[in-house]
>>> print(open('input-v8.cif').read())   # mmCIF, C-alpha atoms
data_input
loop_
_atom_site.label_atom_id
_atom_site.label_comp_id
_atom_site.auth_asym_id
_atom_site.auth_seq_id
_atom_site.Cartn_x
_atom_site.Cartn_y
_atom_site.Cartn_z
CA MET A 1 -25.42 -13.01 -44.25
CA SER A 2 -24.91 -15.74 -46.77
CA ILE A 3 -22.42 -17.77 -48.71
CA GLU A 4 -21.74 -18.02 -52.41
CA ILE A 5 -19.41 -20.61 -53.84
CA SER A 6 -18.22 -20.59 -57.42
CA GLU A 7 -16.19 -23.32 -58.98
CA LYS A 8 -13.77 -23.72 -61.83
CA LYS A 9 -11.19 -26.25 -62.86
CA GLN A 10 -7.71 -25.37 -64.01
CA ASP A 11 -4.93 -27.85 -64.79
CA GLY A 12 -6.76 -30.61 -62.95
CA THR A 13 -7.26 -28.52 -59.83
CA ILE A 14 -10.62 -27.36 -58.53
CA ILE A 15 -10.62 -23.69 -57.56
CA LEU A 16 -13.48 -22.79 -55.24
CA SER A 17 -14.08 -19.11 -54.62
CA VAL A 18 -15.96 -18.61 -51.39
CA LYS A 19 -17.78 -15.35 -50.88
CA GLY A 20 -19.50 -14.20 -47.69
CA ARG A 21 -19.63 -16.08 -44.44
CA VAL A 22 -18.91 -19.62 -43.32
CA ASP A 23 -20.63 -19.97 -39.96
CA SER A 24 -22.78 -22.53 -38.18
CA ASN A 25 -25.71 -21.81 -40.50
CA THR A 26 -23.91 -21.65 -43.85
CA SER A 27 -21.27 -24.34 -43.30
CA PRO A 28 -23.61 -27.20 -44.39
CA ALA A 29 -23.77 -25.71 -47.92
CA PHE A 30 -19.98 -25.36 -47.93
CA GLU A 31 -19.54 -28.93 -46.72
CA GLN A 32 -21.98 -30.31 -49.28
CA LYS A 33 -20.08 -28.67 -52.14
CA ILE A 34 -16.71 -30.06 -51.09
CA VAL A 35 -18.05 -33.51 -50.23
CA GLU A 36 -19.74 -33.79 -53.64
CA LEU A 37 -16.56 -32.84 -55.47
CA ILE A 38 -14.49 -35.33 -53.50
CA LYS A 39 -17.09 -38.03 -54.20
CA CYS A 40 -16.76 -37.23 -57.91
CA GLY A 41 -13.08 -38.02 -57.65
CA GLU A 42 -11.63 -34.53 -57.36
CA ALA A 43 -8.50 -34.54 -55.22
CA ARG A 44 -6.72 -31.23 -55.82
CA PHE A 45 -8.31 -28.14 -54.34
CA VAL A 46 -7.55 -24.45 -54.01
CA LEU A 47 -9.94 -22.43 -51.89
CA ASN A 48 -9.85 -18.78 -52.86
CA PHE A 49 -10.87 -16.82 -49.75
CA GLU A 50 -10.43 -13.37 -51.25
CA GLU A 51 -14.10 -12.54 -50.68
CA LEU A 52 -14.52 -14.51 -47.48
CA ASP A 53 -15.56 -12.15 -44.71
CA TYR A 54 -15.99 -14.53 -41.83
CA ILE A 55 -15.22 -18.07 -40.69
CA SER A 56 -15.89 -19.80 -37.37
CA SER A 57 -15.02 -23.24 -36.02
CA ALA A 58 -18.02 -24.56 -37.98
CA GLY A 59 -16.09 -23.72 -41.16
CA LEU A 60 -12.86 -25.18 -39.78
CA ARG A 61 -14.72 -28.43 -39.09
CA VAL A 62 -15.61 -28.70 -42.80
CA LEU A 63 -11.99 -28.08 -43.82
CA LEU A 64 -10.64 -30.61 -41.33
CA LYS A 65 -13.06 -33.23 -42.60
CA ALA A 66 -12.10 -32.45 -46.20
CA VAL A 67 -8.38 -32.79 -45.45
CA LYS A 68 -8.99 -36.13 -43.72
CA ASP A 69 -11.11 -37.39 -46.63
CA LEU A 70 -8.56 -36.20 -49.17
CA LYS A 71 -5.77 -38.06 -47.44
CA LYS A 72 -7.40 -41.34 -48.52
CA SER A 73 -7.04 -40.32 -52.17
CA ASN A 74 -3.63 -38.65 -51.75
CA GLY A 75 -5.38 -35.38 -52.42
CA THR A 76 -4.49 -31.92 -51.28
CA LEU A 77 -6.20 -28.69 -50.27
CA HIS A 78 -4.57 -25.27 -50.30
CA LEU A 79 -5.90 -21.85 -49.34
CA CYS A 80 -5.17 -18.47 -50.81
CA CYS A 81 -5.92 -14.76 -50.68
CA ILE A 82 -7.02 -14.74 -47.04
CA LYS A 83 -7.70 -11.49 -45.21
CA ASP A 84 -5.37 -10.97 -42.25
CA TYR A 85 -8.02 -11.16 -39.58
CA ILE A 86 -9.31 -14.44 -41.01
CA LYS A 87 -5.82 -15.86 -41.29
CA GLU A 88 -5.58 -15.31 -37.55
CA VAL A 89 -8.31 -17.95 -37.07
CA PHE A 90 -6.16 -20.49 -38.92
CA VAL A 91 -3.07 -19.58 -36.93
CA MET A 92 -4.91 -19.54 -33.60
CA SER A 93 -6.37 -22.99 -34.23
CA GLY A 94 -3.12 -24.49 -35.52
CA PHE A 95 -4.87 -25.30 -38.80
CA ASP A 96 -2.19 -23.42 -40.72
CA ALA A 97 0.09 -26.39 -39.96
CA PHE A 98 -1.79 -28.61 -42.42
CA LEU A 99 -3.56 -26.08 -44.65
CA PRO A 100 -0.96 -24.27 -46.76
CA ILE A 101 -1.85 -20.60 -47.24
CA HIS A 102 -0.68 -18.73 -50.34
CA ALA A 103 -0.90 -15.13 -51.48
CA THR A 104 -2.42 -15.82 -54.89
CA VAL A 105 -4.26 -18.52 -56.83
CA GLU A 106 -1.22 -18.85 -59.11
CA ASP A 107 1.09 -19.50 -56.14
CA SER A 108 -1.31 -22.17 -54.92
CA LEU A 109 -1.39 -23.89 -58.31
CA LYS A 110 2.41 -23.88 -58.48
CA ALA A 111 2.61 -25.43 -55.01
CA ILE A 112 0.27 -28.30 -55.83
CA PRO A 113 2.21 -31.18 -57.36
CA MET B 114 -23.52 5.08 -21.21
CA LEU B 115 -26.51 3.06 -20.07
CA ASN B 116 -28.65 4.04 -23.02
CA ASN B 117 -25.98 2.82 -25.40
CA ASP B 118 -25.94 -0.77 -24.24
CA LEU B 119 -27.26 -3.53 -26.43
CA ILE B 120 -29.50 -5.82 -24.42
CA ALA B 121 -31.23 -8.68 -26.21
CA ARG B 122 -32.69 -12.11 -25.62
CA PHE B 123 -32.32 -14.83 -28.23
CA GLU B 124 -33.91 -18.21 -28.61
CA ALA B 125 -31.30 -20.90 -28.05
CA ARG B 126 -31.60 -22.39 -31.52
CA MET B 127 -29.41 -22.00 -34.56
CA ALA B 128 -32.07 -20.09 -36.48
CA ASP B 129 -31.57 -17.11 -34.16
CA LEU B 130 -27.80 -16.86 -34.73
CA GLU B 131 -28.22 -14.61 -37.74
CA ARG B 132 -30.30 -12.11 -35.77
CA MET B 133 -27.56 -11.98 -33.13
CA ASN B 134 -24.87 -11.47 -35.80
CA GLU B 135 -26.84 -8.64 -37.35
CA MET B 136 -27.28 -6.92 -34.00
CA ILE B 137 -23.57 -7.17 -33.23
CA ALA B 138 -22.73 -5.77 -36.67
CA ALA B 139 -25.16 -2.88 -36.21
CA PHE B 140 -23.80 -2.22 -32.72
CA GLY B 141 -20.25 -2.03 -34.08
CA GLU B 142 -21.20 0.12 -37.03
CA ALA B 143 -23.15 2.65 -34.96
CA ARG B 144 -20.15 3.11 -32.67
CA ASN B 145 -17.51 2.99 -35.37
CA LEU B 146 -15.75 0.11 -33.61
CA PRO B 147 -12.62 -1.34 -35.26
CA LEU B 148 -13.58 -4.03 -37.79
CA LYS B 149 -11.11 -6.45 -36.29
CA THR B 150 -12.73 -6.06 -32.88
CA VAL B 151 -16.20 -6.62 -34.34
CA PHE B 152 -14.97 -9.71 -36.21
CA GLU B 153 -13.41 -11.19 -33.07
CA LEU B 154 -16.48 -10.41 -31.01
CA THR B 155 -18.79 -11.99 -33.59
CA LEU B 156 -16.60 -15.10 -33.75
CA VAL B 157 -16.44 -15.54 -29.97
CA LEU B 158 -20.17 -14.95 -29.53
CA GLU B 159 -21.04 -17.41 -32.30
CA GLU B 160 -18.91 -20.06 -30.60
CA ILE B 161 -20.55 -19.41 -27.21
CA PHE B 162 -24.03 -19.30 -28.74
CA THR B 163 -23.50 -22.53 -30.71
CA ASN B 164 -22.23 -24.34 -27.61
CA ILE B 165 -25.32 -23.27 -25.65
CA VAL B 166 -27.64 -24.36 -28.47
CA LYS B 167 -25.94 -27.74 -28.86
CA TYR B 168 -25.12 -28.66 -25.28
CA GLY B 169 -26.50 -26.01 -22.95
CA TYR B 170 -30.01 -27.25 -22.29
CA PRO B 171 -31.21 -30.75 -21.39
CA ALA B 172 -32.65 -32.59 -24.41
CA ASN B 173 -36.10 -32.68 -22.81
CA SER B 174 -36.32 -28.98 -21.96
CA PRO B 175 -39.15 -27.24 -23.82
CA GLU B 176 -38.10 -24.89 -26.61
CA GLU B 177 -39.67 -21.83 -24.99
CA ASN B 178 -37.40 -22.33 -21.96
CA ARG B 179 -34.21 -22.18 -24.01
CA TRP B 180 -32.77 -18.71 -24.20
CA VAL B 181 -29.52 -16.77 -24.40
CA ASP B 182 -29.27 -13.24 -23.03
CA LEU B 183 -26.66 -10.89 -24.44
CA ARG B 184 -25.51 -7.52 -23.21
CA LEU B 185 -22.88 -5.47 -25.00
CA GLN B 186 -21.44 -2.26 -23.63
CA ALA B 187 -18.84 -0.15 -25.42
CA THR B 188 -16.70 2.35 -23.55
CA PRO B 189 -13.90 4.42 -25.08
CA ASP B 190 -11.38 1.72 -24.05
CA GLU B 191 -13.09 -1.61 -24.42
CA ILE B 192 -16.17 -3.66 -25.03
CA SER B 193 -17.68 -5.61 -22.20
CA VAL B 194 -20.00 -8.49 -22.88
CA THR B 195 -22.29 -10.54 -20.68
CA VAL B 196 -23.83 -13.78 -21.92
CA GLU B 197 -26.32 -15.68 -19.78
CA ASP B 198 -28.27 -18.88 -20.26
CA GLY B 199 -30.60 -20.88 -18.06
CA GLY B 200 -29.14 -24.27 -18.95
CA ILE B 201 -26.97 -26.92 -17.36
CA PRO B 202 -24.16 -25.52 -15.17
CA PHE B 203 -21.08 -25.28 -17.40
CA ASN B 204 -17.85 -23.41 -16.82
CA PRO B 205 -16.12 -23.26 -20.22
CA ILE B 206 -12.90 -21.96 -18.68
CA GLU B 207 -12.43 -25.33 -17.01
CA ALA B 208 -13.36 -27.39 -20.09
CA PRO B 209 -10.63 -29.62 -21.58
CA LYS B 210 -8.31 -27.66 -23.87
CA PRO B 211 -7.74 -28.82 -27.46
CA ASP B 212 -4.18 -29.76 -28.41
CA ILE B 213 -3.63 -27.51 -31.41
CA THR B 214 -0.23 -29.05 -32.15
CA LEU B 215 -1.57 -32.52 -33.05
CA PRO B 216 -1.30 -33.71 -36.67
CA PHE B 217 -4.58 -33.28 -38.55
CA GLU B 218 -5.31 -37.02 -38.48
CA GLU B 219 -5.72 -36.72 -34.71
CA ARG B 220 -7.38 -33.32 -34.58
CA SER B 221 -11.04 -32.82 -33.78
CA ILE B 222 -13.06 -29.64 -33.69
CA GLY B 223 -14.13 -29.97 -30.06
CA GLY B 224 -13.03 -27.21 -27.72
CA LEU B 225 -11.91 -24.79 -30.43
CA GLY B 226 -14.69 -22.31 -29.68
CA VAL B 227 -13.63 -21.98 -26.05
CA HIS B 228 -10.01 -21.78 -27.18
CA PHE B 229 -10.89 -18.83 -29.43
CA MET B 230 -12.72 -17.11 -26.60
CA LEU B 231 -9.77 -17.42 -24.22
CA ALA B 232 -7.26 -16.43 -26.90
CA LEU B 233 -9.14 -13.41 -28.23
CA MET B 234 -10.67 -11.85 -25.14
CA ASP B 235 -8.62 -9.93 -22.58
CA GLU B 236 -10.66 -11.19 -19.66
CA VAL B 237 -13.15 -14.02 -19.25
CA THR B 238 -15.08 -14.68 -16.05
CA TYR B 239 -17.61 -17.40 -15.32
CA GLU B 240 -20.21 -17.32 -12.58
CA ARG B 241 -23.18 -19.49 -11.72
CA VAL B 242 -25.82 -17.04 -10.54
CA LEU B 243 -29.44 -17.80 -9.66
CA GLU B 244 -29.47 -20.98 -11.76
CA LYS B 245 -27.96 -19.16 -14.71
CA ASN B 246 -24.57 -19.46 -16.40
CA ARG B 247 -23.04 -16.02 -16.73
CA LEU B 248 -19.96 -15.32 -18.84
CA THR B 249 -18.43 -11.86 -18.65
CA LEU B 250 -15.91 -10.91 -21.31
CA ARG B 251 -13.79 -7.82 -21.80
CA LYS B 252 -12.02 -6.87 -24.98
CA ARG B 253 -9.80 -3.80 -25.33
CA TYR B 254 -9.56 -2.09 -28.69
CA PRO B 255 -6.28 -2.31 -30.60
CA ASP B 256 -3.67 0.25 -29.54
CA GLY B 257 -4.64 3.79 -30.30
CA ALA B 258 -8.18 3.05 -31.40
CA CYS B 259 -10.76 5.18 -29.65
CA PRO B 260 -13.73 4.57 -31.83
CA LEU B 261 -16.69 6.17 -30.09
CA PRO B 262 -17.98 9.50 -31.31
CA GLU B 263 -17.39 12.25 -28.77
CA THR B 264 -21.02 12.46 -27.80
CA LEU B 265 -20.89 8.95 -26.40
CA GLN B 266 -17.70 9.34 -24.39
#
>>> encode(input="input-v8.cif", output="structure tokens")
Amino acid sequence: MSIEISEKKQDGTIILSVKGRVDSNTSPAFEQKIVELIKCGEARFVLNFEELDYISSAGLRVLLKAVKDLKKSNGTLHLCCIKDYIKEVFVMSGFDAFLPIHATVEDSLKAIP
Amino acid sequence: MLNNDLIARFEARMADLERMNEMIAAFGEARNLPLKTVFELTLVLEEIFTNIVKYGYPANSPEENRWVDLRLQATPDEISVTVEDGGIPFNPIEAPKPDITLPFEERSIGGLGVHFMLALMDEVTYERVLEKNRLTLRKRYPDGACPLPETLQ
């Protein structure tokens, strides 16, 4: 029951691979990572959820805050490689309206201007 | 079926969420429940649990008086869940609904947990019983899934 986040940068875009669970207990670590990167001036993000097993509204709160913060710097945040049952959380919450979801990392990078 | 129920009391604080998650996972695994059902159940119960921890008890209530009781029962057709707490009377079914069509600038996270519960469960009932909040949930398995081993049916 934990979270692991790994980070790399490709063509000016930060790719964060999130492994494990984003719930009420692990979301602070997730939030801290994204907040730090935004503070450092990063504005283009792809979150690779291939190994994400679980997300609750605590995780959605972090993403909503990130999208709001990124708007100030004309930044953008895309998601990819989401398991079907987790995608349902994004659809059910309406978050898929402002968080583009792609099938692969490459598709996400192509979609980010 | 009685011997197959999960009955547990948790402390109403975030540190006990992981223990609840582990018990739900073990419950699902032992009964071979569909993964999607276990995911949805875990999600809904985290949202309920978190709401109780954050808002359920008065700020001045002593820690030892803050609890959440959980009961899970799996039948061949569905899971039924009872969650009780001894906190402030609160009927989540009547709580304000989030507008999920708003642009993100106007969105907040409030109310999403209850929204998930109502969207994912087949039946949700609230009662105030003996100074306790009691939520009763029912969730049918996806079509065709009959996950329990024969000995439990």
>>> residues_around(input="input-v8.cif", residues="Lys252 in chain B", least_positions_apart="3", cutoff="12 Å", atoms="only C-alpha atoms", output="PyMOL selection string")
chain B and resi 146-147+149-154+157+185-195+230-237+249+255-256
>>> interface_residues(input="input-v8.cif", of="chain B", to="chain A", cutoff="12 Å", atoms="all atoms listed in the file", output="PyMOL selection string")
chain B and resi 126-135+138+147-164+166-167+210-233
>>> resolve_selection(input="input-v8.cif", expression="the PyMOL selection byres ((chain A and resi 49) around 7)", output="MDAnalysis selection string")
chainID A and resid 17:18 47:48 50:52 80:82
>>> resolve_selection(input="input-v8.cif", expression="the PyMOL selection byres ((chain A and resi 74) around 12)", output="list in words")
Ile38, Gly41, Glu42, Ala43, Arg44, Phe45, Ala66, Val67, Lys68, Asp69, Leu70, Lys71, Lys72, Ser73, Gly75, Thr76, Leu77, Ile112 and Pro113 of chain A
>>> atom_distance(input="input-v8.cif", atom1="CA of Phe123 in chain B", atom2="CA of Glu31 in chain A")
26.5 Å
>>> closest_residue(input="input-v8.cif", among="B:Lys245, B:Arg184, B:Arg179, B:Arg144", to="Asp118 in chain B", atoms="all atoms listed in the file")
B:Arg184
>>> resolve_selection(input="input-v8.cif", expression="the PyMOL selection byres ((chain A and resi 6) around 9)", output="PyMOL selection string")
chain A and resi 4-5+7-8+15-19
>>> closest_residue(input="input-v8.cif", among="B:Leu119, B:Ile206, B:Ala172, B:Ile201", to="Ala139 in chain B", atoms="all atoms listed in the file")
B:Leu119
>>> atom_distance(input="input-v8.cif", atom1="CA of Val22 in chain A", atom2="CA of Lys83 in chain A")
14.0 Å
>>> closest_residue(input="input-v8.cif", among="A:Leu79, A:Ile34, A:Ala111, A:Leu63", to="Val46 in chain A", atoms="all atoms listed in the file")
A:Leu79
>>> atom_distance(input="input-v8.cif", atom1="CA of Gly141 in chain B", atom2="CA of Tyr254 in chain B")
12.0 Å
>>> build_atoms(input="input-v8.cif", residues="range 80-113 of chain A", atoms="N, CA and C atoms", output="PDB file, keeping the file's coordinate frame")
ATOM      1  N   CYS A  80      -5.877 -19.678 -50.384  1.00  0.00           N
ATOM      2  CA  CYS A  80      -5.170 -18.470 -50.810  1.00  0.00           C
ATOM      3  C   CYS A  80      -6.008 -17.217 -50.594  1.00  0.00           C
ATOM      4  N   CYS A  81      -5.292 -16.089 -50.642  1.00  0.00           N
ATOM      5  CA  CYS A  81      -5.920 -14.760 -50.680  1.00  0.00           C
ATOM      6  C   CYS A  81      -6.757 -14.469 -49.433  1.00  0.00           C
ATOM      7  N   ILE A  82      -6.238 -14.877 -48.282  1.00  0.00           N
ATOM      8  CA  ILE A  82      -7.020 -14.740 -47.040  1.00  0.00           C
ATOM      9  C   ILE A  82      -6.783 -13.378 -46.403  1.00  0.00           C
ATOM     10  N   LYS A  83      -7.841 -12.746 -45.963  1.00  0.00           N
ATOM     11  CA  LYS A  83      -7.700 -11.490 -45.210  1.00  0.00           C
ATOM     12  C   LYS A  83      -6.956 -11.761 -43.897  1.00  0.00           C
ATOM     13  N   ASP A  84      -6.211 -10.771 -43.447  1.00  0.00           N
ATOM     14  CA  ASP A  84      -5.370 -10.970 -42.250  1.00  0.00           C
ATOM     15  C   ASP A  84      -6.153 -11.441 -41.035  1.00  0.00           C
ATOM     16  N   TYR A  85      -7.305 -10.802 -40.810  1.00  0.00           N
ATOM     17  CA  TYR A  85      -8.020 -11.160 -39.580  1.00  0.00           C
ATOM     18  C   TYR A  85      -8.614 -12.558 -39.647  1.00  0.00           C
ATOM     19  N   ILE A  86      -8.818 -13.067 -40.874  1.00  0.00           N
ATOM     20  CA  ILE A  86      -9.310 -14.440 -41.010  1.00  0.00           C
ATOM     21  C   ILE A  86      -8.158 -15.432 -40.908  1.00  0.00           C
ATOM     22  N   LYS A  87      -7.003 -15.013 -41.416  1.00  0.00           N
ATOM     23  CA  LYS A  87      -5.820 -15.860 -41.290  1.00  0.00           C
ATOM     24  C   LYS A  87      -5.528 -16.151 -39.817  1.00  0.00           C
ATOM     25  N   GLU A  88      -5.813 -15.153 -38.985  1.00  0.00           N
ATOM     26  CA  GLU A  88      -5.580 -15.310 -37.550  1.00  0.00           C
ATOM     27  C   GLU A  88      -6.338 -16.528 -36.993  1.00  0.00           C
ATOM     28  N   VAL A  89      -7.522 -16.793 -37.534  1.00  0.00           N
ATOM     29  CA  VAL A  89      -8.310 -17.950 -37.070  1.00  0.00           C
ATOM     30  C   VAL A  89      -7.565 -19.252 -37.377  1.00  0.00           C
ATOM     31  N   PHE A  90      -6.907 -19.283 -38.545  1.00  0.00           N
ATOM     32  CA  PHE A  90      -6.160 -20.490 -38.920  1.00  0.00           C
ATOM     33  C   PHE A  90      -4.906 -20.648 -38.066  1.00  0.00           C
ATOM     34  N   VAL A  91      -4.281 -19.531 -37.750  1.00  0.00           N
ATOM     35  CA  VAL A  91      -3.070 -19.580 -36.930  1.00  0.00           C
ATOM     36  C   VAL A  91      -3.442 -19.967 -35.492  1.00  0.00           C
ATOM     37  N   MET A  92      -4.475 -19.320 -34.977  1.00  0.00           N
ATOM     38  CA  MET A  92      -4.910 -19.540 -33.600  1.00  0.00           C
ATOM     39  C   MET A  92      -5.316 -20.989 -33.357  1.00  0.00           C
ATOM     40  N   SER A  93      -5.877 -21.622 -34.383  1.00  0.00           N
ATOM     41  CA  SER A  93      -6.370 -22.990 -34.230  1.00  0.00           C
ATOM     42  C   SER A  93      -5.301 -24.024 -34.571  1.00  0.00           C
ATOM     43  N   GLY A  94      -4.164 -23.559 -35.094  1.00  0.00           N
ATOM     44  CA  GLY A  94      -3.120 -24.490 -35.520  1.00  0.00           C
ATOM     45  C   GLY A  94      -3.415 -25.127 -36.870  1.00  0.00           C
ATOM     46  N   PHE A  95      -4.504 -24.711 -37.511  1.00  0.00           N
ATOM     47  CA  PHE A  95      -4.870 -25.300 -38.800  1.00  0.00           C
ATOM     48  C   PHE A  95      -3.906 -24.888 -39.918  1.00  0.00           C
ATOM     49  N   ASP A  96      -3.157 -23.827 -39.698  1.00  0.00           N
ATOM     50  CA  ASP A  96      -2.190 -23.420 -40.720  1.00  0.00           C
ATOM     51  C   ASP A  96      -1.058 -24.450 -40.858  1.00  0.00           C
ATOM     52  N   ALA A  97      -0.962 -25.369 -39.881  1.00  0.00           N
ATOM     53  CA  ALA A  97       0.090 -26.390 -39.960  1.00  0.00           C
ATOM     54  C   ALA A  97      -0.204 -27.411 -41.061  1.00  0.00           C
ATOM     55  N   PHE A  98      -1.479 -27.613 -41.388  1.00  0.00           N
ATOM     56  CA  PHE A  98      -1.790 -28.610 -42.420  1.00  0.00           C
ATOM     57  C   PHE A  98      -2.598 -28.037 -43.582  1.00  0.00           C
ATOM     58  N   LEU A  99      -2.894 -26.729 -43.527  1.00  0.00           N
ATOM     59  CA  LEU A  99      -3.560 -26.080 -44.650  1.00  0.00           C
ATOM     60  C   LEU A  99      -2.638 -24.976 -45.175  1.00  0.00           C
ATOM     61  N   PRO A 100      -1.885 -25.277 -46.244  1.00  0.00           N
ATOM     62  CA  PRO A 100      -0.960 -24.270 -46.760  1.00  0.00           C
ATOM     63  C   PRO A 100      -1.711 -23.025 -47.239  1.00  0.00           C
ATOM     64  N   ILE A 101      -1.193 -21.856 -46.883  1.00  0.00           N
ATOM     65  CA  ILE A 101      -1.850 -20.600 -47.240  1.00  0.00           C
ATOM     66  C   ILE A 101      -0.932 -19.818 -48.196  1.00  0.00           C
ATOM     67  N   HIS A 102      -1.468 -19.444 -49.341  1.00  0.00           N
ATOM     68  CA  HIS A 102      -0.680 -18.730 -50.340  1.00  0.00           C
ATOM     69  C   HIS A 102      -1.271 -17.349 -50.592  1.00  0.00           C
ATOM     70  N   ALA A 103      -0.451 -16.499 -51.217  1.00  0.00           N
ATOM     71  CA  ALA A 103      -0.900 -15.130 -51.480  1.00  0.00           C
ATOM     72  C   ALA A 103      -1.836 -15.047 -52.679  1.00  0.00           C
ATOM     73  N   THR A 104      -1.610 -15.899 -53.664  1.00  0.00           N
ATOM     74  CA  THR A 104      -2.420 -15.820 -54.890  1.00  0.00           C
ATOM     75  C   THR A 104      -2.835 -17.218 -55.355  1.00  0.00           C
ATOM     76  N   VAL A 105      -3.823 -17.250 -56.239  1.00  0.00           N
ATOM     77  CA  VAL A 105      -4.260 -18.520 -56.830  1.00  0.00           C
ATOM     78  C   VAL A 105      -3.089 -19.162 -57.579  1.00  0.00           C
ATOM     79  N   GLU A 106      -2.336 -18.318 -58.312  1.00  0.00           N
ATOM     80  CA  GLU A 106      -1.220 -18.850 -59.110  1.00  0.00           C
ATOM     81  C   GLU A 106      -0.182 -19.525 -58.211  1.00  0.00           C
ATOM     82  N   ASP A 107       0.126 -18.894 -57.077  1.00  0.00           N
ATOM     83  CA  ASP A 107       1.090 -19.500 -56.140  1.00  0.00           C
ATOM     84  C   ASP A 107       0.575 -20.847 -55.642  1.00  0.00           C
ATOM     85  N   SER A 108      -0.727 -20.908 -55.404  1.00  0.00           N
ATOM     86  CA  SER A 108      -1.310 -22.170 -54.920  1.00  0.00           C
ATOM     87  C   SER A 108      -1.153 -23.253 -55.979  1.00  0.00           C
ATOM     88  N   LEU A 109      -1.466 -22.903 -57.239  1.00  0.00           N
ATOM     89  CA  LEU A 109      -1.390 -23.890 -58.310  1.00  0.00           C
ATOM     90  C   LEU A 109       0.040 -24.392 -58.498  1.00  0.00           C
ATOM     91  N   LYS A 110       0.993 -23.471 -58.346  1.00  0.00           N
ATOM     92  CA  LYS A 110       2.410 -23.880 -58.480  1.00  0.00           C
ATOM     93  C   LYS A 110       2.813 -24.835 -57.363  1.00  0.00           C
ATOM     94  N   ALA A 111       2.208 -24.632 -56.171  1.00  0.00           N
ATOM     95  CA  ALA A 111       2.610 -25.430 -55.010  1.00  0.00           C
ATOM     96  C   ALA A 111       1.985 -26.822 -55.007  1.00  0.00           C
ATOM     97  N   ILE A 112       0.938 -26.992 -55.817  1.00  0.00           N
ATOM     98  CA  ILE A 112       0.270 -28.300 -55.830  1.00  0.00           C
ATOM     99  C   ILE A 112       0.950 -29.184 -56.881  1.00  0.00           C
ATOM    100  N   PRO A 113       1.443 -30.334 -56.439  1.00  0.00           N
ATOM    101  CA  PRO A 113       2.210 -31.180 -57.360  1.00  0.00           C
ATOM    102  C   PRO A 113       1.339 -31.771 -58.492  1.00  0.00           C
TER     103      PRO A 113
END
